[in-house]
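**Student:** If it helps, the file is called protein35.cif and holds mmCIF, C-alpha atoms (C1' of nucleotides):
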data_upload
#
loop_
_atom_site.label_atom_id
_atom_site.label_comp_id
_atom_site.auth_asym_id
_atom_site.auth_seq_id
_atom_site.Cartn_x
_atom_site.Cartn_y
_atom_site.Cartn_z
CA MET A 1 137.29 169.75 186.06
CA ASN A 2 140.55 168.15 184.89
CA ILE A 3 142.19 168.68 181.53
CA GLY A 4 140.81 165.48 179.99
CA ASN A 5 137.30 166.55 180.74
CA ALA A 6 137.88 170.06 179.45
CA ALA A 7 139.29 168.48 176.30
CA LYS A 8 136.21 166.34 175.80
CA LEU A 9 133.81 169.21 176.41
CA SER A 10 135.71 171.72 174.29
CA GLY A 11 136.91 169.53 171.46
CA VAL A 12 140.47 170.74 172.03
CA THR A 13 143.05 168.04 172.74
CA THR A 14 144.92 168.03 176.03
CA LYS A 15 148.11 168.59 174.07
CA MET A 16 146.69 171.73 172.55
CA ILE A 17 145.21 173.00 175.82
CA ARG A 18 148.67 172.84 177.39
CA HIS A 19 150.13 174.48 174.33
CA TYR A 20 147.60 177.31 174.42
CA GLU A 21 148.38 177.74 178.07
CA SER A 22 152.08 178.12 177.27
CA LEU A 23 151.09 180.84 174.80
CA GLU A 24 148.91 182.40 177.47
CA LEU A 25 145.75 182.06 175.46
CA ILE A 26 144.14 180.18 178.33
CA ARG A 27 144.86 180.61 182.00
CA SER A 28 146.01 177.86 184.30
CA ARG A 29 144.81 177.22 187.79
CA ARG A 30 146.32 174.23 189.53
CA LEU A 31 145.05 171.98 192.25
CA SER A 32 147.31 171.06 195.14
CA ASN A 33 148.39 167.91 193.30
CA GLY A 34 149.60 169.95 190.33
CA TYR A 35 146.69 169.00 188.09
CA ARG A 36 145.20 171.76 185.96
CA ASP A 37 141.69 172.76 187.01
CA TYR A 38 139.11 174.13 184.61
CA GLU A 39 135.59 175.44 184.83
CA ALA A 40 132.83 176.09 182.35
CA SER A 41 134.15 179.51 181.34
CA ASP A 42 137.49 177.95 180.41
CA VAL A 43 135.75 175.36 178.29
CA ALA A 44 133.87 178.16 176.55
CA ARG A 45 137.16 179.92 175.91
CA LEU A 46 138.67 176.75 174.48
CA ARG A 47 135.67 176.30 172.25
CA PHE A 48 136.05 179.86 171.06
CA ILE A 49 139.65 179.13 170.18
CA ARG A 50 138.65 175.95 168.39
CA HIS A 51 136.05 177.74 166.32
CA ALA A 52 138.44 180.53 165.45
CA ARG A 53 141.06 177.96 164.46
CA SER A 54 138.54 176.08 162.36
CA LEU A 55 138.23 179.31 160.38
CA ALA A 56 142.03 179.30 160.13
CA PHE A 57 142.57 182.41 162.20
CA PRO A 58 146.25 182.42 163.18
CA LEU A 59 146.76 182.19 166.92
CA GLU A 60 147.84 185.82 167.10
CA ASP A 61 144.46 186.79 165.66
CA VAL A 62 142.80 184.42 168.10
CA ARG A 63 144.60 186.22 170.91
CA LYS A 64 143.17 189.55 169.76
CA LEU A 65 139.71 188.11 169.23
CA LEU A 66 139.74 186.63 172.72
CA ALA A 67 140.64 190.02 174.14
CA LEU A 68 137.80 191.67 172.23
CA TRP A 69 135.44 188.92 173.24
CA ALA A 70 136.25 189.52 176.88
CA ASP A 71 135.98 193.27 176.51
CA HIS A 72 132.34 194.22 176.70
CA ASN A 73 133.19 197.76 175.64
CA ARG A 74 134.81 196.57 172.43
CA ALA A 75 133.99 198.17 169.11
CA SER A 76 132.57 195.66 166.66
CA ALA A 77 134.62 197.44 164.00
CA ASP A 78 137.77 196.01 165.59
CA VAL A 79 136.47 192.48 165.31
CA ARG A 80 135.32 193.07 161.79
CA GLY A 81 138.70 194.52 160.86
CA ILE A 82 140.52 191.42 162.05
CA ALA A 83 138.03 189.17 160.31
CA LEU A 84 138.16 190.99 156.99
CA ALA A 85 141.94 191.15 156.97
CA HIS A 86 141.95 187.42 157.53
CA VAL A 87 139.39 186.89 154.79
CA GLU A 88 141.59 188.73 152.36
CA ALA A 89 144.58 186.64 153.32
CA LEU A 90 142.51 183.49 152.87
CA GLU A 91 141.21 184.56 149.50
CA ALA A 92 144.64 185.58 148.29
CA LYS A 93 146.06 182.20 149.23
CA ALA A 94 143.11 180.35 147.78
CA GLN A 95 143.41 182.21 144.53
CA ALA A 96 147.13 181.58 144.33
CA MET A 97 146.51 177.88 144.87
CA GLN A 98 143.83 177.75 142.27
CA ALA A 99 146.05 179.52 139.79
CA MET A 100 148.70 176.87 140.39
CA ALA A 101 146.10 174.13 140.06
CA ARG A 102 144.88 175.63 136.79
CA SER A 103 148.40 175.79 135.35
CA LEU A 104 149.05 172.22 136.31
CA ARG A 105 145.74 170.95 135.03
CA HIS A 106 146.47 172.69 131.76
CA LEU A 107 149.88 171.05 131.51
CA ALA A 108 148.47 167.67 132.50
CA ALA A 109 145.79 167.95 129.85
CA HIS A 110 148.55 168.13 127.25
CA CYS A 111 150.40 165.18 128.72
CA CYS A 112 149.42 161.96 127.02
CA GLY A 113 149.99 160.13 130.29
CA ASP A 114 151.05 156.80 128.88
CA SER A 115 154.26 154.81 128.95
CA ARG A 116 156.13 157.19 126.67
CA PRO A 117 158.61 159.63 128.26
CA ASP A 118 157.50 162.83 126.51
CA CYS A 119 155.92 165.09 129.08
CA PRO A 120 154.99 168.77 128.86
CA ILE A 121 154.88 168.96 132.66
CA LEU A 122 158.58 168.16 132.95
CA ASP A 123 159.26 170.38 129.96
CA GLU A 124 157.67 173.27 131.78
CA LEU A 125 159.58 172.68 135.02
CA GLU A 126 162.79 172.48 133.03
CA LYS A 127 162.30 175.87 131.41
CA THR A 128 164.85 178.59 132.05
CA LEU A 129 162.13 181.21 132.38
CA MET B 1 180.99 177.76 139.96
CA ASN B 2 180.55 178.59 143.63
CA ILE B 3 177.29 178.52 145.52
CA GLY B 4 176.67 182.27 145.25
CA ASN B 5 176.87 182.10 141.52
CA ALA B 6 174.65 179.05 141.33
CA ALA B 7 172.17 180.91 143.52
CA LYS B 8 172.13 183.91 141.22
CA LEU B 9 171.74 181.80 138.10
CA SER B 10 169.10 179.50 139.53
CA GLY B 11 167.11 181.91 141.63
CA VAL B 12 167.50 179.62 144.65
CA THR B 13 169.09 181.18 147.72
CA THR B 14 172.35 179.78 149.05
CA LYS B 15 170.50 178.86 152.23
CA MET B 16 168.06 176.76 150.25
CA ILE B 17 170.73 175.17 148.08
CA ARG B 18 172.48 173.92 151.20
CA HIS B 19 169.16 172.76 152.58
CA TYR B 20 168.29 170.87 149.41
CA GLU B 21 171.70 169.30 149.53
CA SER B 22 171.06 168.10 153.08
CA LEU B 23 167.86 166.50 151.76
CA GLU B 24 169.85 165.02 148.91
CA LEU B 25 167.83 166.76 146.24
CA ILE B 26 171.03 168.20 144.82
CA ARG B 27 174.45 166.65 144.91
CA SER B 28 177.51 168.25 146.39
CA ARG B 29 180.94 168.27 144.92
CA ARG B 30 183.58 170.11 146.90
CA LEU B 31 186.73 171.86 145.90
CA SER B 32 189.90 171.29 147.89
CA ASN B 33 189.10 174.35 150.02
CA GLY B 34 185.74 172.90 151.04
CA TYR B 35 183.71 175.19 148.81
CA ARG B 36 180.80 173.64 146.95
CA ASP B 37 181.31 173.47 143.21
CA TYR B 38 178.45 173.60 140.71
CA GLU B 39 178.09 173.36 136.99
CA ALA B 40 175.37 174.21 134.51
CA SER B 41 173.48 170.94 135.02
CA ASP B 42 173.24 171.65 138.74
CA VAL B 43 171.86 175.10 138.05
CA ALA B 44 169.28 173.52 135.76
CA ARG B 45 168.35 171.11 138.53
CA LEU B 46 167.99 173.97 141.00
CA ARG B 47 165.80 175.83 138.57
CA PHE B 48 163.67 172.73 138.17
CA ILE B 49 163.26 172.59 141.92
CA ARG B 50 162.39 176.27 142.05
CA HIS B 51 159.73 175.90 139.38
CA ALA B 52 158.24 172.88 141.06
CA ARG B 53 158.20 174.73 144.39
CA SER B 54 156.57 177.73 142.75
CA LEU B 55 153.74 175.35 141.89
CA ALA B 56 153.74 174.32 145.56
CA PHE B 57 154.86 170.75 144.97
CA PRO B 58 156.03 169.41 148.33
CA LEU B 59 159.70 168.52 148.36
CA GLU B 60 158.92 164.82 148.40
CA ASP B 61 157.04 165.28 145.13
CA VAL B 62 159.94 167.31 143.83
CA ARG B 63 162.22 164.41 144.67
CA LYS B 64 160.09 162.06 142.58
CA LEU B 65 159.78 164.54 139.74
CA LEU B 66 163.54 164.99 139.67
CA ALA B 67 163.98 161.24 139.43
CA LEU B 68 161.51 161.02 136.56
CA TRP B 69 163.12 164.00 134.88
CA ALA B 70 166.48 162.28 134.97
CA ASP B 71 165.03 158.98 133.78
CA HIS B 72 164.71 159.12 130.04
CA ASN B 73 162.74 155.89 130.05
CA ARG B 74 160.10 157.33 132.36
CA ALA B 75 156.42 156.95 131.66
CA SER B 76 154.72 160.30 131.31
CA ALA B 77 151.79 158.73 133.17
CA ASP B 78 153.91 158.73 136.33
CA VAL B 79 154.59 162.44 136.04
CA ARG B 80 150.96 163.12 135.31
CA GLY B 81 149.88 161.04 138.28
CA ILE B 82 152.01 163.08 140.67
CA ALA B 83 150.84 166.32 139.13
CA LEU B 84 147.15 165.44 139.24
CA ALA B 85 147.33 164.21 142.81
CA HIS B 86 148.93 167.50 143.72
CA VAL B 87 146.31 169.45 141.80
CA GLU B 88 143.60 167.73 143.77
CA ALA B 89 145.31 168.54 147.03
CA LEU B 90 145.64 172.17 145.94
CA GLU B 91 142.03 172.41 144.92
CA ALA B 92 140.81 170.80 148.10
CA LYS B 93 142.78 173.26 150.20
CA ALA B 94 141.73 176.21 148.07
CA GLN B 95 138.10 175.24 148.34
CA ALA B 96 138.35 174.80 152.09
CA MET B 97 139.88 178.24 152.38
CA GLN B 98 137.26 179.81 150.21
CA ALA B 99 134.53 178.19 152.25
CA MET B 100 136.04 179.73 155.36
CA ALA B 101 136.34 183.08 153.62
CA ARG B 102 132.71 182.89 152.55
CA SER B 103 131.53 182.12 156.08
CA LEU B 104 133.52 184.97 157.49
CA ARG B 105 132.43 187.41 154.83
CA HIS B 106 128.86 186.44 155.54
CA LEU B 107 129.34 187.06 159.25
CA ALA B 108 131.18 190.31 158.63
CA ALA B 109 128.39 191.51 156.38
CA HIS B 110 126.03 191.24 159.33
CA CYS B 111 128.39 193.04 161.65
CA CYS B 112 127.65 196.75 161.77
CA GLY B 113 131.32 197.43 162.31
CA ASP B 114 131.02 200.56 164.38
CA SER B 115 131.87 201.47 167.96
CA ARG B 116 129.13 199.30 169.47
CA PRO B 117 130.10 195.97 170.98
CA ASP B 118 127.44 193.78 169.36
CA CYS B 119 129.13 191.49 166.89
CA PRO B 120 127.79 188.42 165.09
CA ILE B 121 131.34 187.28 164.41
CA LEU B 122 132.10 186.87 168.09
CA ASP B 123 128.63 185.42 168.62
CA GLU B 124 129.43 182.74 166.10
CA LEU B 125 132.81 181.90 167.60
CA GLU B 126 131.16 181.69 171.01
CA LYS B 127 128.59 179.12 169.92
CA THR B 128 128.56 175.71 171.56
CA LEU B 129 127.95 173.96 168.23
"C1'" DC C 1 148.33 146.83 197.20
"C1'" DT C 2 148.17 146.54 192.58
"C1'" DT C 3 146.45 147.97 188.20
"C1'" DG C 4 144.92 151.02 184.88
"C1'" DA C 5 143.73 155.44 183.60
"C1'" DC C 6 144.86 159.74 184.21
"C1'" DC C 7 148.00 163.64 185.04
"C1'" DT C 8 152.71 166.06 184.86
"C1'" DT C 9 156.97 167.83 182.18
"C1'" DC C 10 160.26 167.47 178.58
"C1'" DC C 11 162.13 166.36 174.07
"C1'" DC C 12 161.45 165.48 169.24
"C1'" DA C 13 159.16 165.66 164.69
"C1'" DT C 14 156.72 167.57 160.93
"C1'" DA C 15 157.58 171.41 156.05
"C1'" DG C 16 160.06 175.06 154.36
"C1'" DT C 17 162.35 179.02 154.85
"C1'" DG C 18 165.15 182.43 156.97
"C1'" DG C 19 168.38 184.95 160.46
"C1'" DG C 20 172.58 185.19 162.52
"C1'" DA C 21 177.10 183.87 164.80
"C1'" DA C 22 181.77 182.07 164.60
"C1'" DT C 23 185.19 180.90 161.63
"C1'" DC C 24 187.73 180.26 157.43
"C1'" DC C 25 189.13 181.45 152.57
"C1'" DC C 26 190.28 184.22 148.67
"C1'" DT C 27 191.32 188.45 146.32
"C1'" DA C 28 192.52 193.12 145.67
"C1'" DC C 29 194.82 197.06 147.08
"C1'" DA C 30 198.15 200.06 149.52
"C1'" DT D 1 203.23 191.68 152.86
"C1'" DG D 2 199.51 193.04 155.59
"C1'" DT D 3 194.91 194.00 155.75
"C1'" DA D 4 190.09 194.71 154.51
"C1'" DG D 5 186.10 193.04 152.19
"C1'" DG D 6 183.23 189.79 150.64
"C1'" DG D 7 182.07 185.26 150.32
"C1'" DA D 8 182.39 180.57 151.92
"C1'" DT D 9 181.74 177.09 155.78
"C1'" DT D 10 178.98 174.92 159.78
"C1'" DC D 11 175.81 175.20 163.49
"C1'" DC D 12 171.97 176.75 166.15
"C1'" DC D 13 167.56 179.08 166.48
"C1'" DA D 14 163.20 181.08 164.76
"C1'" DC D 15 158.64 180.73 162.66
"C1'" DT D 16 153.13 178.03 162.56
"C1'" DA D 17 150.52 174.56 164.71
"C1'" DT D 18 150.14 170.16 165.92
"C1'" DG D 19 151.25 165.64 167.53
"C1'" DG D 20 154.06 161.46 169.35
"C1'" DG D 21 156.17 159.49 173.01
"C1'" DA D 22 159.01 158.75 177.31
"C1'" DA D 23 159.63 159.01 182.33
"C1'" DG D 24 157.43 159.74 186.27
"C1'" DG D 25 153.61 161.21 189.76
"C1'" DT D 26 148.49 160.56 191.23
"C1'" DC D 27 144.05 158.82 191.84
"C1'" DA D 28 140.35 155.39 192.10
"C1'" DA D 29 138.59 150.81 192.01
"C1'" DG D 30 139.04 146.14 192.90
#
Any chance you could put this one into structure tokens?

**Tutor:**
Amino acid sequence: MNIGNAAKLSGVTTKMIRHYESLELIRSRRLSNGYRDYEASDVARLRFIRHARSLAFPLEDVRKLLALWADHNRASADVRGIALAHVEALEAKAQAMQAMARSLRHLAAHCCGDSRPDCPILDELEKTL
Amino acid sequence: MNIGNAAKLSGVTTKMIRHYESLELIRSRRLSNGYRDYEASDVARLRFIRHARSLAFPLEDVRKLLALWADHNRASADVRGIALAHVEALEAKAQAMQAMARSLRHLAAHCCGDSRPDCPILDELEKTL
DNA sequence: CTTGACCTTCCCATAGTGGGAATCCCTACA
DNA sequence: TGTAGGGATTCCCACTATGGGAAGGTCAAG
């Protein structure tokens, strides 16, 4: 199967398949004409990567998860550890963003938002702190 | 005032000051020896940038906010518009991240997390969907 | 044999920040 | 006056992850 087909079946673009190959997340077998050649197991691997990425796992985590996935003697605790560490990172970021959103919403609520120049949002950004 | 001093007073690193200058967010006056020269108003501008960045405004928003800040005939509605658009972007991202965190926590809760290989997290990532 | 769709590699861009090298400048001290 | 240091300059490279696009090779159908 060529790369275009693998892309369609896996939902990973050809660009990204080549990129993942350069990072050695996916292997590369070539035909005599230089074209990449994939089989079902590669598509499954690409799908795994796509799913992991859709949960925002960084590629280095994906690399580890792929290794554990391939290792049938893995300890599920290792997978869980990676996942929970990632969850905490996600939640920390999400909370930070929501805190920023709250601050800004609060400031915006006190901004009359008309044609006059007075604006507590700018006042806040101007502060020396 | 040289760049190191402006950095200390503003809380923006010298690296970033030069970067902001290259993006024309901050002007550059030079002394005869080529050194950048700053005054209090520049430090205030850098602080403004830092505060806006601490609220995760993208630099293009910062550029607009700086322009409005400098324009004493601005309409506060313009500032508010930028801020609220940014708030919505923040909240959308935060919610997406929390949804991912929830999914993963749910999966992790069903993963025994011991030395056995069975793992619903990997099972999920493996799915064809 | 041409045409179009596919493949290849390579470079560039994004957003924002940082590291580090090579070089120059200024100041203080012996 | 010479030198050592700290700070300034520019320039290139790194990160994360993804995509655009060019120049060229290949395959299949008409």

**Student:** Applying the PyMOL selection byres ((chain A and resi 87) around 10) to the file I just gave you, which residues come out? Please list them as a PyMOL selection string.

**Tutor:** (chain A and resi 55-57+81-86+88-93) or (chain B and resi 97-98+100-105+108)

**Student:** Onto chain A, please fit chain B by least squares using all C-alpha atoms in order, then return the transformed chain as a PDB file with C-alpha atoms, in the coordinates of the input.

**Tutor:**
ATOM      1  CA  MET B   1     137.359 169.750 186.035  1.00  0.00           C
ATOM      2  CA  ASN B   2     140.596 168.154 184.884  1.00  0.00           C
ATOM      3  CA  ILE B   3     142.220 168.666 181.521  1.00  0.00           C
ATOM      4  CA  GLY B   4     140.836 165.461 179.994  1.00  0.00           C
ATOM      5  CA  ASN B   5     137.336 166.534 180.753  1.00  0.00           C
ATOM      6  CA  ALA B   6     137.902 170.034 179.450  1.00  0.00           C
ATOM      7  CA  ALA B   7     139.301 168.464 176.290  1.00  0.00           C
ATOM      8  CA  LYS B   8     136.232 166.313 175.797  1.00  0.00           C
ATOM      9  CA  LEU B   9     133.840 169.184 176.411  1.00  0.00           C
ATOM     10  CA  SER B  10     135.710 171.691 174.284  1.00  0.00           C
ATOM     11  CA  GLY B  11     136.893 169.497 171.462  1.00  0.00           C
ATOM     12  CA  VAL B  12     140.466 170.705 172.004  1.00  0.00           C
ATOM     13  CA  THR B  13     143.043 168.008 172.687  1.00  0.00           C
ATOM     14  CA  THR B  14     144.921 168.009 175.978  1.00  0.00           C
ATOM     15  CA  LYS B  15     148.110 168.560 174.002  1.00  0.00           C
ATOM     16  CA  MET B  16     146.678 171.716 172.494  1.00  0.00           C
ATOM     17  CA  ILE B  17     145.232 172.977 175.763  1.00  0.00           C
ATOM     18  CA  ARG B  18     148.682 172.808 177.321  1.00  0.00           C
ATOM     19  CA  HIS B  19     150.131 174.475 174.256  1.00  0.00           C
ATOM     20  CA  TYR B  20     147.598 177.295 174.361  1.00  0.00           C
ATOM     21  CA  GLU B  21     148.379 177.725 178.009  1.00  0.00           C
ATOM     22  CA  SER B  22     152.078 178.088 177.210  1.00  0.00           C
ATOM     23  CA  LEU B  23     151.084 180.831 174.753  1.00  0.00           C
ATOM     24  CA  GLU B  24     148.914 182.364 177.440  1.00  0.00           C
ATOM     25  CA  LEU B  25     145.735 182.041 175.433  1.00  0.00           C
ATOM     26  CA  ILE B  26     144.158 180.162 178.317  1.00  0.00           C
ATOM     27  CA  ARG B  27     144.905 180.579 181.974  1.00  0.00           C
ATOM     28  CA  SER B  28     146.043 177.836 184.274  1.00  0.00           C
ATOM     29  CA  ARG B  29     144.845 177.211 187.753  1.00  0.00           C
ATOM     30  CA  ARG B  30     146.366 174.237 189.520  1.00  0.00           C
ATOM     31  CA  LEU B  31     145.098 171.977 192.216  1.00  0.00           C
ATOM     32  CA  SER B  32     147.359 171.068 195.113  1.00  0.00           C
ATOM     33  CA  ASN B  33     148.456 167.924 193.255  1.00  0.00           C
ATOM     34  CA  GLY B  34     149.644 169.963 190.277  1.00  0.00           C
ATOM     35  CA  TYR B  35     146.724 169.022 188.057  1.00  0.00           C
ATOM     36  CA  ARG B  36     145.218 171.775 185.940  1.00  0.00           C
ATOM     37  CA  ASP B  37     141.727 172.761 186.998  1.00  0.00           C
ATOM     38  CA  TYR B  38     139.125 174.119 184.583  1.00  0.00           C
ATOM     39  CA  GLU B  39     135.620 175.416 184.824  1.00  0.00           C
ATOM     40  CA  ALA B  40     132.837 176.065 182.353  1.00  0.00           C
ATOM     41  CA  SER B  41     134.156 179.490 181.324  1.00  0.00           C
ATOM     42  CA  ASP B  42     137.488 177.934 180.388  1.00  0.00           C
ATOM     43  CA  VAL B  43     135.743 175.334 178.271  1.00  0.00           C
ATOM     44  CA  ALA B  44     133.855 178.132 176.538  1.00  0.00           C
ATOM     45  CA  ARG B  45     137.142 179.897 175.885  1.00  0.00           C
ATOM     46  CA  LEU B  46     138.649 176.722 174.452  1.00  0.00           C
ATOM     47  CA  ARG B  47     135.654 176.275 172.218  1.00  0.00           C
ATOM     48  CA  PHE B  48     136.039 179.850 171.044  1.00  0.00           C
ATOM     49  CA  ILE B  49     139.636 179.118 170.161  1.00  0.00           C
ATOM     50  CA  ARG B  50     138.639 175.945 168.357  1.00  0.00           C
ATOM     51  CA  HIS B  51     136.032 177.751 166.287  1.00  0.00           C
ATOM     52  CA  ALA B  52     138.421 180.524 165.411  1.00  0.00           C
ATOM     53  CA  ARG B  53     141.062 177.962 164.424  1.00  0.00           C
ATOM     54  CA  SER B  54     138.525 176.097 162.319  1.00  0.00           C
ATOM     55  CA  LEU B  55     138.219 179.331 160.353  1.00  0.00           C
ATOM     56  CA  ALA B  56     142.023 179.321 160.105  1.00  0.00           C
ATOM     57  CA  PHE B  57     142.564 182.441 162.184  1.00  0.00           C
ATOM     58  CA  PRO B  58     146.234 182.460 163.177  1.00  0.00           C
ATOM     59  CA  LEU B  59     146.747 182.213 166.911  1.00  0.00           C
ATOM     60  CA  GLU B  60     147.810 185.836 167.120  1.00  0.00           C
ATOM     61  CA  ASP B  61     144.438 186.808 165.664  1.00  0.00           C
ATOM     62  CA  VAL B  62     142.786 184.441 168.091  1.00  0.00           C
ATOM     63  CA  ARG B  63     144.571 186.235 170.904  1.00  0.00           C
ATOM     64  CA  LYS B  64     143.125 189.560 169.772  1.00  0.00           C
ATOM     65  CA  LEU B  65     139.674 188.107 169.232  1.00  0.00           C
ATOM     66  CA  LEU B  66     139.709 186.625 172.717  1.00  0.00           C
ATOM     67  CA  ALA B  67     140.594 190.015 174.145  1.00  0.00           C
ATOM     68  CA  LEU B  68     137.765 191.680 172.245  1.00  0.00           C
ATOM     69  CA  TRP B  69     135.395 188.909 173.246  1.00  0.00           C
ATOM     70  CA  ALA B  70     136.188 189.500 176.890  1.00  0.00           C
ATOM     71  CA  ASP B  71     135.919 193.269 176.529  1.00  0.00           C
ATOM     72  CA  HIS B  72     132.287 194.209 176.712  1.00  0.00           C
ATOM     73  CA  ASN B  73     133.112 197.750 175.667  1.00  0.00           C
ATOM     74  CA  ARG B  74     134.737 196.583 172.446  1.00  0.00           C
ATOM     75  CA  ALA B  75     133.952 198.178 169.127  1.00  0.00           C
ATOM     76  CA  SER B  76     132.541 195.674 166.683  1.00  0.00           C
ATOM     77  CA  ALA B  77     134.592 197.480 164.029  1.00  0.00           C
ATOM     78  CA  ASP B  78     137.740 196.043 165.610  1.00  0.00           C
ATOM     79  CA  VAL B  79     136.429 192.505 165.338  1.00  0.00           C
ATOM     80  CA  ARG B  80     135.311 193.117 161.796  1.00  0.00           C
ATOM     81  CA  GLY B  81     138.684 194.569 160.886  1.00  0.00           C
ATOM     82  CA  ILE B  82     140.506 191.451 162.056  1.00  0.00           C
ATOM     83  CA  ALA B  83     138.023 189.206 160.314  1.00  0.00           C
ATOM     84  CA  LEU B  84     138.156 191.053 157.001  1.00  0.00           C
ATOM     85  CA  ALA B  85     141.933 191.202 156.990  1.00  0.00           C
ATOM     86  CA  HIS B  86     141.947 187.472 157.537  1.00  0.00           C
ATOM     87  CA  VAL B  87     139.386 186.933 154.798  1.00  0.00           C
ATOM     88  CA  GLU B  88     141.599 188.785 152.378  1.00  0.00           C
ATOM     89  CA  ALA B  89     144.583 186.695 153.344  1.00  0.00           C
ATOM     90  CA  LEU B  90     142.509 183.540 152.870  1.00  0.00           C
ATOM     91  CA  GLU B  91     141.242 184.627 149.502  1.00  0.00           C
ATOM     92  CA  ALA B  92     144.671 185.632 148.307  1.00  0.00           C
ATOM     93  CA  LYS B  93     146.085 182.249 149.256  1.00  0.00           C
ATOM     94  CA  ALA B  94     143.130 180.391 147.786  1.00  0.00           C
ATOM     95  CA  GLN B  95     143.445 182.262 144.532  1.00  0.00           C
ATOM     96  CA  ALA B  96     147.169 181.616 144.358  1.00  0.00           C
ATOM     97  CA  MET B  97     146.543 177.930 144.886  1.00  0.00           C
ATOM     98  CA  GLN B  98     143.854 177.806 142.280  1.00  0.00           C
ATOM     99  CA  ALA B  99     146.103 179.554 139.806  1.00  0.00           C
ATOM    100  CA  MET B 100     148.720 176.887 140.412  1.00  0.00           C
ATOM    101  CA  ALA B 101     146.105 174.169 140.073  1.00  0.00           C
ATOM    102  CA  ARG B 102     144.914 175.671 136.805  1.00  0.00           C
ATOM    103  CA  SER B 103     148.436 175.799 135.381  1.00  0.00           C
ATOM    104  CA  LEU B 104     149.078 172.232 136.345  1.00  0.00           C
ATOM    105  CA  ARG B 105     145.763 170.993 135.044  1.00  0.00           C
ATOM    106  CA  HIS B 106     146.502 172.732 131.785  1.00  0.00           C
ATOM    107  CA  LEU B 107     149.895 171.053 131.561  1.00  0.00           C
ATOM    108  CA  ALA B 108     148.474 167.690 132.563  1.00  0.00           C
ATOM    109  CA  ALA B 109     145.805 167.978 129.902  1.00  0.00           C
ATOM    110  CA  HIS B 110     148.555 168.137 127.302  1.00  0.00           C
ATOM    111  CA  CYS B 111     150.394 165.192 128.764  1.00  0.00           C
ATOM    112  CA  CYS B 112     149.387 161.957 127.077  1.00  0.00           C
ATOM    113  CA  GLY B 113     149.932 160.130 130.331  1.00  0.00           C
ATOM    114  CA  ASP B 114     150.982 156.793 128.942  1.00  0.00           C
ATOM    115  CA  SER B 115     154.190 154.775 129.014  1.00  0.00           C
ATOM    116  CA  ARG B 116     156.092 157.170 126.747  1.00  0.00           C
ATOM    117  CA  PRO B 117     158.560 159.563 128.326  1.00  0.00           C
ATOM    118  CA  ASP B 118     157.484 162.771 126.580  1.00  0.00           C
ATOM    119  CA  CYS B 119     155.893 165.038 129.137  1.00  0.00           C
ATOM    120  CA  PRO B 120     154.982 168.723 128.906  1.00  0.00           C
ATOM    121  CA  ILE B 121     154.883 168.926 132.689  1.00  0.00           C
ATOM    122  CA  LEU B 122     158.563 168.123 133.005  1.00  0.00           C
ATOM    123  CA  ASP B 123     159.275 170.322 129.991  1.00  0.00           C
ATOM    124  CA  GLU B 124     157.695 173.218 131.805  1.00  0.00           C
ATOM    125  CA  LEU B 125     159.580 172.624 135.042  1.00  0.00           C
ATOM    126  CA  GLU B 126     162.796 172.404 133.040  1.00  0.00           C
ATOM    127  CA  LYS B 127     162.342 175.797 131.405  1.00  0.00           C
ATOM    128  CA  THR B 128     164.895 178.519 132.030  1.00  0.00           C
ATOM    129  CA  LEU B 129     162.185 181.177 132.370  1.00  0.00           C
TER     130      LEU B 129
END

**Student:** Can you turn the PyMOL selection byres ((chain C) within 9 of (chain B)) into a concrete residue list for this file, as a list in words?

**Tutor:**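 Checked against the file, the PyMOL selection byres ((chain C) within 9 of (chain B)) matches DA15, DG16, DT17, DG18 and DC25 of chain C.
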
**Student:** Just to be explicit: take each residue in the selection above, keep C-alpha atoms (C1' of nucleotides), and write the result as a CSV table (one decimal), in the frame of the given file.

**Tutor:**
chain,number,residue,atom,x,y,z
C,15,DA,C1',157.6,171.4,156.0
C,16,DG,C1',160.1,175.1,154.4
C,17,DT,C1',162.4,179.0,154.8
C,18,DG,C1',165.2,182.4,157.0
C,25,DC,C1',189.1,181.4,152.6

**Student:** Sorted by chain and rising residue number, which residues of chain B lie within 12 Å of chain D, and what are their closest atom pairs and distances in Å to one decimal, counting only C-alpha atoms (C1' of nucleotides), as CSV?

**Tutor:**
residue,atom,partner,partner_atom,distance
B:Asn2,CA,D:DA8,C1',8.7
B:Ile3,CA,D:DA8,C1',8.4
B:Gly4,CA,D:DG7,C1',8.0
B:Asn5,CA,D:DG7,C1',10.7
B:Thr14,CA,D:DA8,C1',10.5
B:Lys15,CA,D:DT9,C1',11.9
B:Arg18,CA,D:DT9,C1',10.8
B:Arg30,CA,D:DT9,C1',11.4
B:Leu31,CA,D:DA8,C1',11.4
B:Asn33,CA,D:DA8,C1',9.3
B:Gly34,CA,D:DT9,C1',7.5
B:Tyr35,CA,D:DA8,C1',6.4
B:Arg36,CA,D:DA8,C1',8.7
B:Asp37,CA,D:DA8,C1',11.3

**Student:** Determine, counting all atoms listed in the file, which protein, DNA and RNA residues have an atom within 12 Å of an atom of A:Val12; residues of the same chain fewer than 4 positions away are not included. Present the result as JSON, numbers by chain.

**Tutor:** {"A": [3, 4, 5, 6, 7, 8, 16, 17, 18, 19, 20, 26, 42, 43, 44, 45, 46, 47, 48, 49, 50, 51, 52, 53, 54], "D": [18]}

**Student:** Could you please determine the separation between atom CA of A:Leu122 and atom CA of B:Ser28 in Å, to one decimal place?

**Tutor:**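 Computed distance, atom CA of A:Leu122 to atom CA of B:Ser28, equals 23.2 Å.
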
**Student:** Exactly which residues make up the result of the PyMOL selection byres ((chain A and resi 66) around 9) on this file, given as a list in words?

**Tutor:**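 Going through the file, the PyMOL selection byres ((chain A and resi 66) around 9) ends up selecting Leu25, Arg45, Phe48, Ile49, Asp61, Val62, Arg63, Lys64, Leu65, Ala67, Leu68, Trp69, Ala70 and Asp71 of chain A; Leu122 of chain B.
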